[in-house]
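This is structure.txt (compact mmCIF, C-alpha atoms).
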# COMPACT_ATOMS: atom_id res chain seq x y z
CA MET A 1 168.30 66.10 146.21
CA SER A 2 167.01 69.54 145.56
CA ASP A 3 165.23 71.72 148.13
CA ALA A 4 163.82 73.99 145.42
CA SER A 5 160.27 75.05 146.11
CA PRO A 6 157.80 75.71 143.31
CA PRO A 7 157.85 79.25 141.93
CA PRO A 8 155.29 81.63 143.45
CA PRO A 9 152.11 82.14 141.46
CA ASP A 10 151.99 85.11 139.09
CA THR A 11 149.04 86.69 140.87
CA GLU A 12 149.46 88.84 143.93
CA ALA A 13 147.20 88.71 146.94
CA PRO A 14 144.34 91.23 146.84
CA PRO A 15 144.99 94.46 148.74
CA VAL A 16 143.78 94.57 152.31
CA PRO A 17 140.78 96.90 152.67
CA PRO A 18 141.24 99.87 154.97
CA SER A 19 140.39 99.15 158.57
CA SER A 20 137.06 100.52 159.79
CA SER A 21 138.07 100.13 163.41
CA GLY A 22 139.41 103.66 163.86
CA SER A 23 138.65 105.67 166.96
CA PRO A 24 135.69 108.07 167.23
CA THR A 25 138.20 110.93 167.29
CA ASP A 26 139.66 109.75 163.96
CA PHE A 27 136.15 109.60 162.49
CA LEU A 28 135.27 113.10 163.67
CA LYS A 29 138.52 114.55 162.32
CA GLY A 30 137.79 112.84 159.01
CA VAL A 31 134.30 114.32 158.58
CA VAL A 32 135.16 117.97 159.27
CA GLY A 33 134.35 119.81 156.05
CA LYS A 34 132.05 117.01 154.83
CA ARG A 35 128.29 116.49 154.87
CA VAL A 36 127.03 114.88 158.06
CA ILE A 37 123.78 113.94 159.74
CA VAL A 38 123.42 114.96 163.37
CA ARG A 39 120.64 113.18 165.29
CA LEU A 40 119.44 114.92 168.42
CA THR A 41 118.06 113.19 171.50
CA SER A 42 114.65 114.62 170.49
CA GLY A 43 114.77 112.60 167.23
CA ILE A 44 115.25 115.64 164.96
CA ASP A 45 118.00 115.36 162.32
CA TYR A 46 120.20 118.19 161.13
CA ARG A 47 122.05 117.69 157.86
CA GLY A 48 124.83 119.96 156.73
CA VAL A 49 128.55 120.48 156.32
CA LEU A 50 130.43 120.00 159.59
CA SER A 51 132.36 123.19 160.14
CA CYS A 52 133.84 122.41 163.55
CA LEU A 53 133.20 120.73 166.88
CA ASP A 54 134.77 120.68 170.31
CA GLY A 55 135.38 118.18 173.10
CA TYR A 56 131.85 118.68 174.43
CA MET A 57 130.39 117.75 171.01
CA ASN A 58 129.20 121.33 170.43
CA ILE A 59 128.76 121.41 166.67
CA ALA A 60 128.82 124.11 164.01
CA LEU A 61 127.12 123.21 160.71
CA GLU A 62 126.92 125.12 157.42
CA GLN A 63 124.22 124.75 154.74
CA THR A 64 122.01 123.16 157.37
CA GLU A 65 118.64 121.49 156.87
CA GLU A 66 116.35 120.46 159.73
CA HIS A 67 114.53 117.15 159.16
CA VAL A 68 111.54 116.07 161.24
CA ASN A 69 110.23 112.58 160.45
CA GLY A 70 112.24 112.61 157.22
CA VAL A 71 110.70 115.89 155.98
CA VAL A 72 112.71 119.12 155.60
CA THR A 73 111.13 121.66 157.93
CA ASN A 74 113.74 124.47 157.93
CA ARG A 75 116.90 125.55 156.19
CA TYR A 76 119.63 127.53 157.92
CA GLY A 77 122.86 129.05 156.66
CA ASP A 78 124.74 128.22 159.86
CA ALA A 79 123.59 126.25 162.88
CA PHE A 80 125.15 125.71 166.26
CA ILE A 81 124.10 122.65 168.23
CA ARG A 82 124.87 122.21 171.90
CA GLY A 83 126.65 118.93 172.51
CA ASN A 84 124.41 117.62 175.29
CA ASN A 85 121.56 117.38 172.74
CA VAL A 86 123.54 115.21 170.28
CA LEU A 87 122.68 111.52 170.08
CA TYR A 88 125.07 110.73 167.20
CA ILE A 89 126.89 112.10 164.17
CA SER A 90 126.91 110.12 160.94
CA ALA A 91 128.70 110.73 157.65
CA ALA A 92 126.19 111.63 154.94
CA GLU A 93 128.65 110.76 152.14
CA PRO A 94 131.22 108.00 151.72
CA LEU A 95 134.53 108.71 153.46

As structure tokens, how would this structure be written, given the file I've shared?
Amino acid sequence: MSDASPPPPDTEAPPVPPSSSGSPTDFLKGVVGKRVIVRLTSGIDYRGVLSCLDGYMNIALEQTEEHVNGVVTNRYGDAFIRGNNVLYISAAEPL
């Protein structure tokens, strides 16, 4: 009697996709230096390159555009947004 099992198939299992369940802190660290969309509680969007942010969600953006109802209304070199006005931050480009 032989306990030999059949040989494994020649194909390998597909790679596991990266987990999207990281913490908000991991996300924010990952988008520094990348294009983001910042939505304010007023509904206005600011789009630009995230330069830095702090624990209060105060944000510094470069190459900033202000969008009201989807229309560009202003362009700024640098913009500073006080954290208590921020509703959310979203990546504007794939991570």

Checklist entry - Hey, what's within 10 Å of A:Tyr56 if we count all atoms listed in the file and toss same-chain stuff fewer than 2 positions away? As a PyMOL selection string, please? => result chain A and resi 53-54+58-59+82-84+86

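Going from atom CA of A:Asn85 over to atom CA of A:Gly43, you cover 10.0 Å.
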
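Using only C-alpha atoms, the shortest contact distance between A:Lys34 and any of A:Ala79, A:Gly22, A:Gly48, A:His67 is found at A:Gly48.
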
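Note that the spacing between atom CA of A:Ile89 and atom CA of A:Gly33 amounts to 13.5 Å.
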
Checklist entry - Which residues, protein or nucleic acid, reach to within 12 Å of (117.8, 113.2, 165.3) in the file's coordinates when using all atoms listed in the file, and can you give that as number ranges by chain? => result A: 36-47, 65-70, 81, 85-90

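A straight line drawn from atom CA of A:Ser23 to atom CA of A:Leu61 is 21.9 Å long.
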
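If all atoms listed in the file are the atoms counted, then among A:Val32, A:Gln63, A:Leu95, A:Thr25 the closest residue to A:Leu50 is A:Val32.
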
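Minimum distance to A:Ala92 across A:Met57, A:Phe80, A:Val31, A:Arg75 (counting only C-alpha atoms) occurs at A:Val31.
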